[in-house]
Every structure is written in C-alpha cells, then in structure tokens.
file input25.txt (compact mmCIF, C-alpha atoms)
# COMPACT_ATOMS: atom_id res chain seq x y z
CA MET A 470 15.17 -42.96 3.69
CA ALA A 471 15.70 -40.66 6.68
CA GLN A 472 17.49 -38.23 4.38
CA VAL A 473 14.47 -38.12 2.03
CA ALA A 474 12.14 -37.49 4.97
CA LYS A 475 14.39 -34.68 6.18
CA VAL A 476 14.42 -33.03 2.74
CA LYS A 477 10.62 -33.34 2.50
CA PHE A 478 10.31 -31.79 5.94
CA VAL A 479 12.48 -28.81 4.92
CA TRP A 480 10.35 -28.21 1.80
CA ARG A 481 7.23 -28.40 3.90
CA ILE A 482 8.64 -25.75 6.22
CA VAL A 483 9.34 -23.54 3.17
CA ASP A 484 5.69 -24.04 2.10
CA LEU A 485 4.44 -23.05 5.53
CA VAL A 486 6.69 -20.01 5.87
CA VAL A 487 5.96 -18.65 2.38
CA GLY A 488 2.23 -19.42 2.69
CA GLY A 489 2.18 -17.81 6.13
CA ILE A 490 3.87 -14.65 4.86
CA PHE A 491 1.23 -14.21 2.15
CA ILE A 492 -1.65 -14.90 4.52
CA TYR A 493 -0.28 -12.30 6.94
CA ALA A 494 0.40 -9.75 4.17
CA GLY A 495 -3.05 -10.31 2.68
CA ALA A 496 -4.86 -10.11 6.01
CA ILE A 497 -3.21 -6.83 6.99
CA LYS A 498 -4.21 -5.28 3.66
CA ALA A 499 -7.71 -6.75 3.72
CA LEU A 500 -8.25 -4.99 7.05
CA ASP A 501 -7.45 -1.59 5.54
CA PRO A 502 -8.24 -1.72 1.81
CA ILE A 503 -8.49 2.06 1.47
CA ARG A 504 -4.93 2.56 2.61
CA PHE A 505 -3.84 -0.24 0.29
CA ALA A 506 -5.65 1.43 -2.62
CA SER A 507 -3.71 4.56 -1.84
CA ASP A 508 -0.45 2.56 -1.80
CA ILE A 509 -1.24 1.05 -5.23
CA ASP A 510 -2.18 4.48 -6.57
CA ASN A 511 1.16 5.79 -5.38
CA TYR A 512 2.93 3.73 -8.06
CA LYS A 513 1.16 5.89 -10.69
CA ILE A 514 0.74 2.97 -13.04
CA LEU A 515 -3.01 2.37 -12.89
CA PRO A 516 -6.04 4.66 -12.87
CA TRP A 517 -7.54 5.16 -9.42
CA MET A 518 -10.65 3.10 -10.15
CA ILE A 519 -8.56 0.03 -10.97
CA ALA A 520 -6.24 0.64 -8.00
CA ALA A 521 -9.27 0.75 -5.71
CA GLY A 522 -10.71 -2.42 -7.25
CA LEU A 523 -7.40 -4.26 -6.87
CA ALA A 524 -7.15 -3.15 -3.25
CA PHE A 525 -10.28 -5.16 -2.51
CA TYR A 526 -9.27 -8.14 -4.63
CA LEU A 527 -5.51 -8.70 -4.26
CA PRO A 528 -5.39 -9.23 -0.47
CA TRP A 529 -7.91 -12.07 -0.74
CA LEU A 530 -6.03 -13.57 -3.66
CA GLU A 531 -2.87 -13.55 -1.53
CA ILE A 532 -4.70 -15.14 1.39
CA LEU A 533 -6.23 -17.89 -0.76
CA CYS A 534 -2.92 -18.63 -2.47
CA GLY A 535 -1.14 -18.69 0.90
CA LEU A 536 -3.76 -21.15 2.15
CA ALA A 537 -3.25 -23.22 -1.00
CA LEU A 538 0.45 -23.51 -0.20
CA ILE A 539 -0.19 -24.48 3.40
CA SER A 540 -3.03 -26.92 2.75
CA ARG A 541 -1.48 -28.24 -0.48
CA ARG A 542 -4.81 -27.91 -2.24
CA LEU A 543 -4.68 -26.12 -5.63
CA TYR A 544 -0.98 -25.96 -4.80
CA LEU A 545 0.45 -25.31 -8.25
CA GLY A 546 -2.19 -22.70 -8.97
CA GLY A 547 -1.36 -20.84 -5.76
CA LEU A 548 2.35 -21.08 -6.45
CA SER A 549 1.95 -19.75 -10.00
CA ILE A 550 -0.18 -16.80 -8.92
CA LEU A 551 2.12 -15.84 -6.05
CA THR A 552 5.20 -16.06 -8.29
CA ALA A 553 3.51 -13.83 -10.87
CA LEU A 554 2.30 -11.35 -8.23
CA THR A 555 5.72 -11.10 -6.58
CA SER A 556 7.47 -10.65 -9.94
CA VAL A 557 5.05 -7.92 -11.03
CA PHE A 558 5.43 -6.21 -7.69
CA ILE A 559 9.25 -6.23 -7.86
CA LEU A 560 9.16 -4.78 -11.39
CA ALA A 561 6.65 -2.09 -10.36
CA ALA A 562 8.73 -1.14 -7.30
CA VAL A 563 11.95 -0.89 -9.31
CA ALA A 564 10.18 1.11 -12.04
CA ALA A 565 8.75 3.48 -9.42
CA LYS A 566 12.18 3.93 -7.88
CA ILE A 567 13.71 4.70 -11.28
CA ARG A 568 10.93 7.24 -11.93
CA GLY A 569 11.82 8.87 -8.62
CA LEU A 570 8.46 8.20 -6.99
CA ASP A 571 8.36 8.28 -3.22
CA ILE A 572 6.58 4.97 -2.76
CA THR A 573 5.32 3.02 0.19
CA CYS A 574 5.00 -0.53 -1.04
CA GLY A 575 2.16 -1.43 1.28
CA CYS A 576 3.16 -5.09 1.12
CA PHE A 577 2.66 -5.54 4.84
CA GLY A 578 0.32 -2.63 5.40
CA HIS A 579 1.33 -0.06 7.94
CA ALA A 580 3.85 -2.46 9.52
CA SER A 581 6.21 -1.99 6.57
CA LYS A 582 5.81 1.76 6.31
CA SER A 583 9.21 2.53 7.81
CA TRP A 584 11.18 -0.01 5.77
CA ASN A 585 13.52 1.39 3.18
CA PHE A 586 13.53 0.43 -0.49
CA SER A 587 16.49 -1.95 -0.30
CA GLY A 588 14.93 -3.74 2.68
CA HIS A 589 11.69 -4.23 0.73
CA LEU A 590 13.51 -5.38 -2.35
CA ALA A 591 15.69 -7.86 -0.45
CA LEU A 592 12.63 -9.43 1.19
CA ASP A 593 10.73 -9.61 -2.09
CA LEU A 594 13.65 -11.20 -3.89
CA ALA A 595 14.01 -13.75 -1.09
CA ILE A 596 10.29 -14.59 -1.34
CA LEU A 597 10.55 -14.86 -5.11
CA ALA A 598 13.56 -17.18 -4.78
CA ALA A 599 11.62 -19.39 -2.34
CA LEU A 600 8.60 -19.49 -4.67
CA LEU A 601 10.75 -20.39 -7.67
CA ALA A 602 12.53 -23.09 -5.66
CA LEU A 603 9.15 -24.59 -4.69
CA TYR A 604 7.99 -24.38 -8.30
CA PHE A 605 11.05 -26.18 -9.67
CA LYS A 606 10.85 -28.78 -6.92
CA VAL A 607 7.28 -29.62 -7.97
CA ALA A 608 8.20 -29.56 -11.66
CA SER A 609 11.17 -31.88 -11.17
CA GLY A 610 9.01 -34.19 -9.01
CA ASN A 611 6.43 -34.37 -11.81
CA ARG A 612 9.13 -35.09 -14.38
CA LEU A 613 10.46 -37.94 -12.23
CA ARG A 614 6.98 -39.39 -11.79
CA ASN A 615 6.31 -39.19 -15.53
CA ALA A 616 9.63 -40.92 -16.27
CA VAL A 617 8.75 -43.78 -13.92
CA MET B 24 -3.58 -23.20 -15.16
CA ARG B 25 -7.04 -24.40 -14.18
CA GLN B 26 -6.07 -24.24 -10.50
CA ALA B 27 -4.82 -20.67 -10.88
CA LEU B 28 -8.05 -19.62 -12.61
CA LEU B 29 -10.10 -21.24 -9.88
CA LEU B 30 -8.18 -19.40 -7.14
CA ALA B 31 -8.41 -16.13 -9.08
CA ALA B 32 -12.18 -16.59 -9.40
CA LEU B 33 -12.62 -17.56 -5.73
CA ALA B 34 -10.85 -14.40 -4.56
CA PHE B 35 -13.58 -12.32 -6.19
CA ILE B 36 -16.14 -13.53 -3.65
CA PRO B 37 -14.64 -11.99 -0.47
CA GLY B 38 -13.26 -9.09 -2.53
CA ILE B 39 -16.70 -8.09 -3.78
CA GLY B 40 -18.15 -8.62 -0.30
CA GLU B 41 -15.57 -6.28 1.18
CA ALA B 42 -16.12 -3.67 -1.55
CA ILE B 43 -19.83 -3.70 -0.70
CA TYR B 44 -19.03 -3.37 3.00
CA PHE B 45 -16.76 -0.37 2.37
CA ARG B 46 -19.00 1.20 -0.31
CA ASP B 47 -19.57 4.38 1.70
CA LYS B 48 -15.93 4.83 2.63
CA VAL B 49 -14.27 4.56 -0.76
CA SER B 50 -14.55 6.95 -3.67
CA TRP B 51 -14.26 5.22 -7.07
CA GLN B 52 -13.73 8.44 -9.00
CA SER B 53 -10.70 9.89 -7.25
CA PRO B 54 -8.34 8.95 -4.40
CA ILE B 55 -9.48 12.06 -2.60
CA PRO B 56 -13.20 12.83 -2.64
CA ALA B 57 -13.89 16.31 -4.04
CA SER B 58 -15.28 17.36 -0.66
CA GLU B 59 -11.88 16.75 0.96
CA MET B 60 -9.84 18.63 -1.64
CA VAL B 61 -9.26 22.36 -1.65
CA THR B 62 -7.68 24.71 -4.16
CA GLN B 63 -5.16 27.36 -3.20
CA THR B 64 -7.64 30.13 -3.93
CA GLN B 65 -10.24 28.62 -1.61
CA ALA B 66 -7.72 27.99 1.16
CA ARG B 67 -6.27 31.50 0.92
CA ALA B 68 -9.79 32.92 1.14
CA TRP B 69 -10.16 31.34 4.60
CA ARG B 70 -7.27 33.58 5.72
CA GLU B 71 -6.38 33.24 9.40
CA ASN B 72 -8.87 30.43 9.79
CA THR B 73 -6.50 28.13 7.92
CA ILE B 74 -3.78 26.00 9.46
CA TRP B 75 -1.33 24.92 6.77
CA VAL B 76 0.16 21.51 7.48
CA ASP B 77 3.32 20.46 5.68
CA ALA B 78 3.40 16.67 5.31
CA ARG B 79 6.75 16.53 3.53
CA PRO B 80 9.95 15.19 5.14
CA ASP B 81 11.74 17.44 7.65
CA ALA B 82 14.54 18.44 5.25
CA GLU B 83 12.12 19.72 2.60
CA PHE B 84 10.15 21.64 5.19
CA GLU B 85 13.32 23.24 6.52
CA ARG B 86 14.38 24.24 3.01
CA GLU B 87 11.16 26.16 2.40
CA HIS B 88 7.48 25.96 3.25
CA ILE B 89 4.24 27.89 3.05
CA PRO B 90 4.54 30.81 5.50
CA GLY B 91 3.09 29.83 8.86
CA ALA B 92 2.87 26.13 7.97
CA VAL B 93 3.21 23.53 10.72
CA LEU B 94 5.33 20.44 10.10
CA LEU B 95 3.44 17.17 10.53
CA ASN B 96 4.75 14.17 8.65
CA GLU B 97 4.33 10.45 9.13
CA ASP B 98 8.02 9.87 9.90
CA ARG B 99 7.68 11.72 13.22
CA TRP B 100 3.91 11.56 13.66
CA ASN B 101 3.88 10.85 17.40
CA GLU B 102 6.34 13.62 18.12
CA LEU B 103 4.82 16.26 15.84
CA LEU B 104 1.11 15.68 16.44
CA PRO B 105 1.11 17.22 19.96
CA GLN B 106 2.93 20.27 18.55
CA PHE B 107 0.30 20.59 15.84
CA LEU B 108 -2.53 20.28 18.36
CA THR B 109 -1.21 23.27 20.29
CA VAL B 110 -1.96 25.54 17.30
CA TRP B 111 -5.19 23.77 16.28
CA SER B 112 -8.62 24.93 17.38
CA PRO B 113 -12.05 23.55 16.35
CA GLU B 114 -13.08 26.56 14.26
CA LYS B 115 -9.96 26.36 12.09
CA ARG B 116 -9.68 24.55 8.78
CA VAL B 117 -6.67 22.33 8.29
CA VAL B 118 -5.08 22.27 4.82
CA VAL B 119 -2.47 19.56 4.32
CA TYR B 120 0.02 19.61 1.47
CA CYS B 121 2.96 17.56 0.22
CA SER B 122 5.36 18.04 -2.67
CA SER B 123 3.07 17.68 -5.69
CA GLN B 124 -0.24 16.44 -7.00
CA SER B 125 1.15 12.91 -7.25
CA CYS B 126 2.50 12.57 -3.72
CA ASN B 127 0.68 10.51 -1.16
CA ALA B 128 1.81 12.04 2.13
CA SER B 129 -0.82 14.78 2.35
CA ARG B 130 -3.60 12.27 1.77
CA GLU B 131 -2.25 10.00 4.50
CA VAL B 132 -1.71 12.79 7.01
CA ALA B 133 -5.19 14.17 6.33
CA ARG B 134 -6.68 10.71 6.74
CA ARG B 135 -4.88 10.17 10.05
CA LEU B 136 -5.93 13.58 11.34
CA ARG B 137 -9.54 12.64 10.61
CA ASP B 138 -9.41 9.02 11.81
CA GLU B 139 -6.89 9.06 14.63
CA ALA B 140 -7.06 12.61 15.92
CA GLN B 141 -10.82 12.81 15.16
CA LEU B 142 -10.51 16.26 13.58
CA LYS B 143 -13.08 17.74 11.27
CA ASN B 144 -12.49 20.25 8.46
CA VAL B 145 -9.32 18.61 7.21
CA PHE B 146 -8.53 19.18 3.52
CA VAL B 147 -5.82 18.29 1.03
CA LEU B 148 -4.30 21.09 -1.02
CA GLN B 149 -4.73 20.45 -4.73
CA GLY B 150 -1.35 20.39 -6.52
CA GLY B 151 0.58 20.62 -3.25
CA TRP B 152 3.78 22.60 -2.80
CA GLU B 153 4.56 22.47 -6.54
CA GLU B 154 1.35 24.34 -7.32
CA TRP B 155 2.04 26.84 -4.54
CA LEU B 156 5.44 27.62 -6.06
CA LYS B 157 3.88 28.10 -9.51
CA SER B 158 1.35 30.57 -8.19
CA ARG B 159 4.12 32.54 -6.50
CA LYS B 160 5.94 33.13 -9.80
call {"tool": "encode", "arguments": {"input": "input25.txt", "output": "structure tokens"}}
result
Amino acid sequence: MAQVAKVKFVWRIVDLVVGGIFIYAGAIKALDPIRFASDIDNYKILPWMIAAGLAFYLPWLEILCGLALISRRLYLGGLSILTALTSVFILAAVAAKIRGLDITCGCFGHASKSWNFSGHLALDLAILAALLALYFKVASGNRLRNAV
Amino acid sequence: MRQALLLAALAFIPGIGEAIYFRDKVSWQSPIPASEMVTQTQARAWRENTIWVDARPDAEFEREHIPGAVLLNEDRWNELLPQFLTVWSPEKRVVVYCSSQSCNASREVARRLRDEAQLKNVFVLQGGWEEWLKSRK
C-alpha cells in the first residue's frame, strides 16, 4: 500500500514539475508577445501574420494546459495539447537547424536566449519523455479500470 | 478530445485580450513596420549622418563589414553598447544590419536600442549584409 502511495506521489511530482515548466514558459512569452512573434517568424515556416497571431495565443494555451496538469482538471486534454506542441516544436527546431537557420527558440523567452541548440533539444526531449510517460500512465490506468 | 478542444477554445479569450492590448505595438503586415525599415539607397543618402551597426556575431564582423560600421550584437550587448554610445549622437540615424533579409538579429538589436537605450531614429537595413554585397558587385 505504501509502495502504491509512493508511486502516486512521484507521478504527482512529475505533473507539478511539467505543469510548472509550461506555466513559466507561457508566462514569460505572454509578457513579451512581440519578441515571441519574432522568434516564431525566425523559423521561416509561417507567414508573419500567423506568427504574430500565434504569439498571442500559444503562451496562454501553454499556461492553461500547465494549469490543467497541476489542478488535474481537463487533464488529458492538457496533456494531449502539450505533447502535440512539444513534438511540433522539436520538429520545427530540427528542421530549422537542418536548413541552417540561426534560430532562437524563444521557449523560455529571453532567459533561454544564450542556450545552445543541443541544450534546447535535450530539455525538449526530456519534457516530451515526461509528457509521454504521464500519457501512458493515464492510458494504462484507464485500461485497468475498464478491465475491472 | 473534447477536453483539448475546450482548452484550445479557452486560450483564445486571454489571447484576443492581449492582442487588443498590444494593438498599437504590433504590425500585422510585416515583422518590421515600413517606417522602421530603410533601403541601402536611402541610408547611403544620409551620408555622414548614418551610424552603421553590425548585429552579426563577432567572427562575421571581423571577416568583413560595412566600412565604418560599429559592432553591436546581442551576445556581448552589455560590453558593446557603451562603445556604440561613444560614437552615437542624437542627430545621427542608426542603421542596423545582420546577415540577410531572413535574419533576426538586426530587428532585435534595433528594438533594444529603441526600448532599452531609448534611442530614436533607429532603422533596419533591408536585405542586410547580403544585399550590401550584391550592390557592391
């Protein structure tokens, strides 16, 4: 029983850490959406108008999804969106690197400006791994419940 | 799926609110408003009233730069800004450039000169260094 409680506690910590990271990342970008628009534009994937629109929208989406993870309300929805966002971001960053673009990811606003590409990628992959682990934990929990 | 849609819809509310709040500060047509962009011909016409600012990394600046340009990049902002301010004077126009039309550094340096150093008459060179090289050929 104590073992189960310990495992639950560890998963809860993962929820809080991952949720906290996205709330922080979203808040920093929401404070300076113009800089974030410029960071999105730097990937040269989207027209400026869409980049600017996303710069106002994405930070709040990250914040809400982070809150969903922490509060466990709309949990699966938040988890799905964050997994999709992180995956898209990793693909865009790798594609930009291959195209030789000098990108600033903008994931943590100005705080991450001096990070190098491998540092960014390692952090993003770690976040993606945590999100996928949470997702499969929920899925396996649901399967168990359905079996019972 | 329904939860994800609900979250995606909810995020529009603060997003739209913020877009309204920043409506005067963001240009929806181009990352750099036309009033902050300058062509080479215009900048050259200002002659000695122009301060060229090279926002590229140190190594690229050392390789070659626009004659008379001052190095000011974000990597060494705190160190280079005081050096730039020694050549700056209020009547001069500052023209910032980076490697090409697609680079971001000139935009960022120009923005910081306006916001942090409170300078006026700061412009971004259209086409950047790439365009300068073409015109030299």
call {"tool": "interface_residues", "arguments": {"input": "input25.txt", "of": "chain B", "to": "chain A", "cutoff": "10 Å", "atoms": "all atoms listed in the file", "output": "PyMOL selection string"}}
result
chain B and resi 24-43+45+48-55+97-98+125-128+130-131+134
call {"tool": "atom_distance", "arguments": {"input": "input25.txt", "atom1": "CA of Lys143 (chain B)", "atom2": "CA of Ala92 (chain B)"}}
result
18.3 Å
call {"tool": "residues_around", "arguments": {"input": "input25.txt", "residues": "Val76 (chain B)", "least_positions_apart": "5", "cutoff": "10 Å", "atoms": "all atoms listed in the file", "output": "ChimeraX atom specification"}}
result
/B:88-89,91-96,107,117-121,129,132-133,145-148
call {"tool": "write_last_selection", "arguments": {"input": "input25.txt", "atoms": "C-alpha atoms", "output": "PDB file, in the coordinates of the input"}}
result
ATOM      1  CA  HIS B  88       7.480  25.960   3.250  1.00  0.00           C
ATOM      2  CA  ILE B  89       4.240  27.890   3.050  1.00  0.00           C
ATOM      3  CA  GLY B  91       3.090  29.830   8.860  1.00  0.00           C
ATOM      4  CA  ALA B  92       2.870  26.130   7.970  1.00  0.00           C
ATOM      5  CA  VAL B  93       3.210  23.530  10.720  1.00  0.00           C
ATOM      6  CA  LEU B  94       5.330  20.440  10.100  1.00  0.00           C
ATOM      7  CA  LEU B  95       3.440  17.170  10.530  1.00  0.00           C
ATOM      8  CA  ASN B  96       4.750  14.170   8.650  1.00  0.00           C
ATOM      9  CA  PHE B 107       0.300  20.590  15.840  1.00  0.00           C
ATOM     10  CA  VAL B 117      -6.670  22.330   8.290  1.00  0.00           C
ATOM     11  CA  VAL B 118      -5.080  22.270   4.820  1.00  0.00           C
ATOM     12  CA  VAL B 119      -2.470  19.560   4.320  1.00  0.00           C
ATOM     13  CA  TYR B 120       0.020  19.610   1.470  1.00  0.00           C
ATOM     14  CA  CYS B 121       2.960  17.560   0.220  1.00  0.00           C
ATOM     15  CA  SER B 129      -0.820  14.780   2.350  1.00  0.00           C
ATOM     16  CA  VAL B 132      -1.710  12.790   7.010  1.00  0.00           C
ATOM     17  CA  ALA B 133      -5.190  14.170   6.330  1.00  0.00           C
ATOM     18  CA  VAL B 145      -9.320  18.610   7.210  1.00  0.00           C
ATOM     19  CA  PHE B 146      -8.530  19.180   3.520  1.00  0.00           C
ATOM     20  CA  VAL B 147      -5.820  18.290   1.030  1.00  0.00           C
ATOM     21  CA  LEU B 148      -4.300  21.090  -1.020  1.00  0.00           C
TER      22      LEU B 148
END
call {"tool": "residues_around", "arguments": {"input": "input25.txt", "residues": "Leu600 (chain A)", "least_positions_apart": "4", "cutoff": "12 Å", "atoms": "only C-alpha atoms", "output": "compact mmCIF listing (two decimals) with C-alpha atoms, in the frame of the given file"}}
result
# COMPACT_ATOMS: atom_id res chain seq x y z
CA TRP A 480 10.35 -28.21 1.80
CA VAL A 483 9.34 -23.54 3.17
CA ASP A 484 5.69 -24.04 2.10
CA LEU A 485 4.44 -23.05 5.53
CA VAL A 486 6.69 -20.01 5.87
CA VAL A 487 5.96 -18.65 2.38
CA GLY A 488 2.23 -19.42 2.69
CA ILE A 490 3.87 -14.65 4.86
CA PHE A 491 1.23 -14.21 2.15
CA CYS A 534 -2.92 -18.63 -2.47
CA GLY A 535 -1.14 -18.69 0.90
CA LEU A 538 0.45 -23.51 -0.20
CA TYR A 544 -0.98 -25.96 -4.80
CA LEU A 545 0.45 -25.31 -8.25
CA GLY A 547 -1.36 -20.84 -5.76
CA LEU A 548 2.35 -21.08 -6.45
CA SER A 549 1.95 -19.75 -10.00
CA ILE A 550 -0.18 -16.80 -8.92
CA LEU A 551 2.12 -15.84 -6.05
CA THR A 552 5.20 -16.06 -8.29
CA ALA A 553 3.51 -13.83 -10.87
CA LEU A 554 2.30 -11.35 -8.23
CA THR A 555 5.72 -11.10 -6.58
CA SER A 556 7.47 -10.65 -9.94
CA ASP A 593 10.73 -9.61 -2.09
CA LEU A 594 13.65 -11.20 -3.89
CA ALA A 595 14.01 -13.75 -1.09
CA ILE A 596 10.29 -14.59 -1.34
CA TYR A 604 7.99 -24.38 -8.30
CA PHE A 605 11.05 -26.18 -9.67
CA LYS A 606 10.85 -28.78 -6.92
CA VAL A 607 7.28 -29.62 -7.97
call {"tool": "atom_distance", "arguments": {"input": "input25.txt", "atom1": "CA of Ala78 (chain B)", "atom2": "CA of Ser122 (chain B)"}}
result
8.3 Å
call {"tool": "atom_distance", "arguments": {"input": "input25.txt", "atom1": "CA of Asn72 (chain B)", "atom2": "CA of Arg116 (chain B)"}}
result
6.0 Å
call {"tool": "closest_residue", "arguments": {"input": "input25.txt", "among": "B:Arg135, B:Lys115, B:Arg46, B:Arg79", "to": "Trp152 (chain B)", "atoms": "only C-alpha atoms"}}
result
B:Arg79
call {"tool": "build_atoms", "arguments": {"input": "input25.txt", "residues": "region 488-517 of chain A", "atoms": "N, CA and C atoms", "output": "tab-separated table (two decimals), in the frame of the given file"}}
result
chain	number	residue	atom	x	y	z
A	488	GLY	N	3.70	-19.53	2.61
A	488	GLY	CA	2.23	-19.42	2.69
A	488	GLY	C	1.82	-18.49	3.82
A	489	GLY	N	2.49	-18.64	4.96
A	489	GLY	CA	2.18	-17.81	6.13
A	489	GLY	C	2.44	-16.33	5.86
A	490	ILE	N	3.54	-16.06	5.18
A	490	ILE	CA	3.87	-14.65	4.86
A	490	ILE	C	2.76	-14.03	4.02
A	491	PHE	N	2.26	-14.78	3.02
A	491	PHE	CA	1.23	-14.21	2.15
A	491	PHE	C	-0.12	-14.09	2.87
A	492	ILE	N	-0.39	-15.02	3.77
A	492	ILE	CA	-1.65	-14.90	4.52
A	492	ILE	C	-1.59	-13.65	5.41
A	493	TYR	N	-0.46	-13.48	6.07
A	493	TYR	CA	-0.28	-12.30	6.94
A	493	TYR	C	-0.37	-11.01	6.12
A	494	ALA	N	0.38	-10.97	5.01
A	494	ALA	CA	0.40	-9.75	4.17
A	494	ALA	C	-1.00	-9.46	3.63
A	495	GLY	N	-1.70	-10.50	3.22
A	495	GLY	CA	-3.05	-10.31	2.68
A	495	GLY	C	-4.02	-9.84	3.75
A	496	ALA	N	-3.92	-10.46	4.94
A	496	ALA	CA	-4.86	-10.11	6.01
A	496	ALA	C	-4.70	-8.66	6.45
A	497	ILE	N	-3.47	-8.21	6.58
A	497	ILE	CA	-3.21	-6.83	6.99
A	497	ILE	C	-3.82	-5.85	5.97
A	498	LYS	N	-3.68	-6.17	4.70
A	498	LYS	CA	-4.21	-5.28	3.66
A	498	LYS	C	-5.73	-5.38	3.55
A	499	ALA	N	-6.26	-6.58	3.79
A	499	ALA	CA	-7.71	-6.75	3.72
A	499	ALA	C	-8.39	-5.95	4.83
A	500	LEU	N	-7.67	-5.75	5.93
A	500	LEU	CA	-8.25	-4.99	7.05
A	500	LEU	C	-8.33	-3.50	6.74
A	501	ASP	N	-7.45	-3.01	5.86
A	501	ASP	CA	-7.45	-1.59	5.54
A	501	ASP	C	-7.32	-1.39	4.02
A	502	PRO	N	-8.36	-1.77	3.27
A	502	PRO	CA	-8.24	-1.72	1.81
A	502	PRO	C	-8.08	-0.29	1.26
A	503	ILE	N	-8.57	0.68	1.99
A	503	ILE	CA	-8.49	2.06	1.47
A	503	ILE	C	-7.04	2.54	1.49
A	504	ARG	N	-6.36	2.21	2.55
A	504	ARG	CA	-4.93	2.56	2.61
A	504	ARG	C	-4.16	1.81	1.52
A	505	PHE	N	-4.54	0.54	1.31
A	505	PHE	CA	-3.84	-0.24	0.29
A	505	PHE	C	-4.10	0.34	-1.10
A	506	ALA	N	-5.32	0.81	-1.33
A	506	ALA	CA	-5.65	1.43	-2.62
A	506	ALA	C	-4.76	2.65	-2.83
A	507	SER	N	-4.55	3.39	-1.77
A	507	SER	CA	-3.71	4.56	-1.84
A	507	SER	C	-2.25	4.17	-2.13
A	508	ASP	N	-1.82	3.05	-1.54
A	508	ASP	CA	-0.45	2.56	-1.80
A	508	ASP	C	-0.30	2.14	-3.26
A	509	ILE	N	-1.33	1.47	-3.81
A	509	ILE	CA	-1.24	1.05	-5.23
A	509	ILE	C	-1.23	2.29	-6.12
A	510	ASP	N	-2.07	3.24	-5.77
A	510	ASP	CA	-2.18	4.48	-6.57
A	510	ASP	C	-0.85	5.24	-6.60
A	511	ASN	N	-0.12	5.09	-5.52
A	511	ASN	CA	1.16	5.79	-5.38
A	511	ASN	C	2.18	5.38	-6.45
A	512	TYR	N	2.00	4.19	-7.01
A	512	TYR	CA	2.93	3.73	-8.06
A	512	TYR	C	2.67	4.45	-9.39
A	513	LYS	N	1.53	5.11	-9.49
A	513	LYS	CA	1.16	5.89	-10.69
A	513	LYS	C	1.25	5.05	-11.96
A	514	ILE	N	0.74	3.84	-11.87
A	514	ILE	CA	0.74	2.97	-13.04
A	514	ILE	C	-0.71	2.78	-13.52
A	515	LEU	N	-1.61	2.70	-12.56
A	515	LEU	CA	-3.01	2.37	-12.89
A	515	LEU	C	-3.93	3.53	-12.54
A	516	PRO	N	-5.05	3.64	-13.27
A	516	PRO	CA	-6.04	4.66	-12.87
A	516	PRO	C	-6.60	4.32	-11.50
A	517	TRP	N	-7.07	5.34	-10.79
A	517	TRP	CA	-7.54	5.16	-9.42
A	517	TRP	C	-8.61	4.07	-9.30
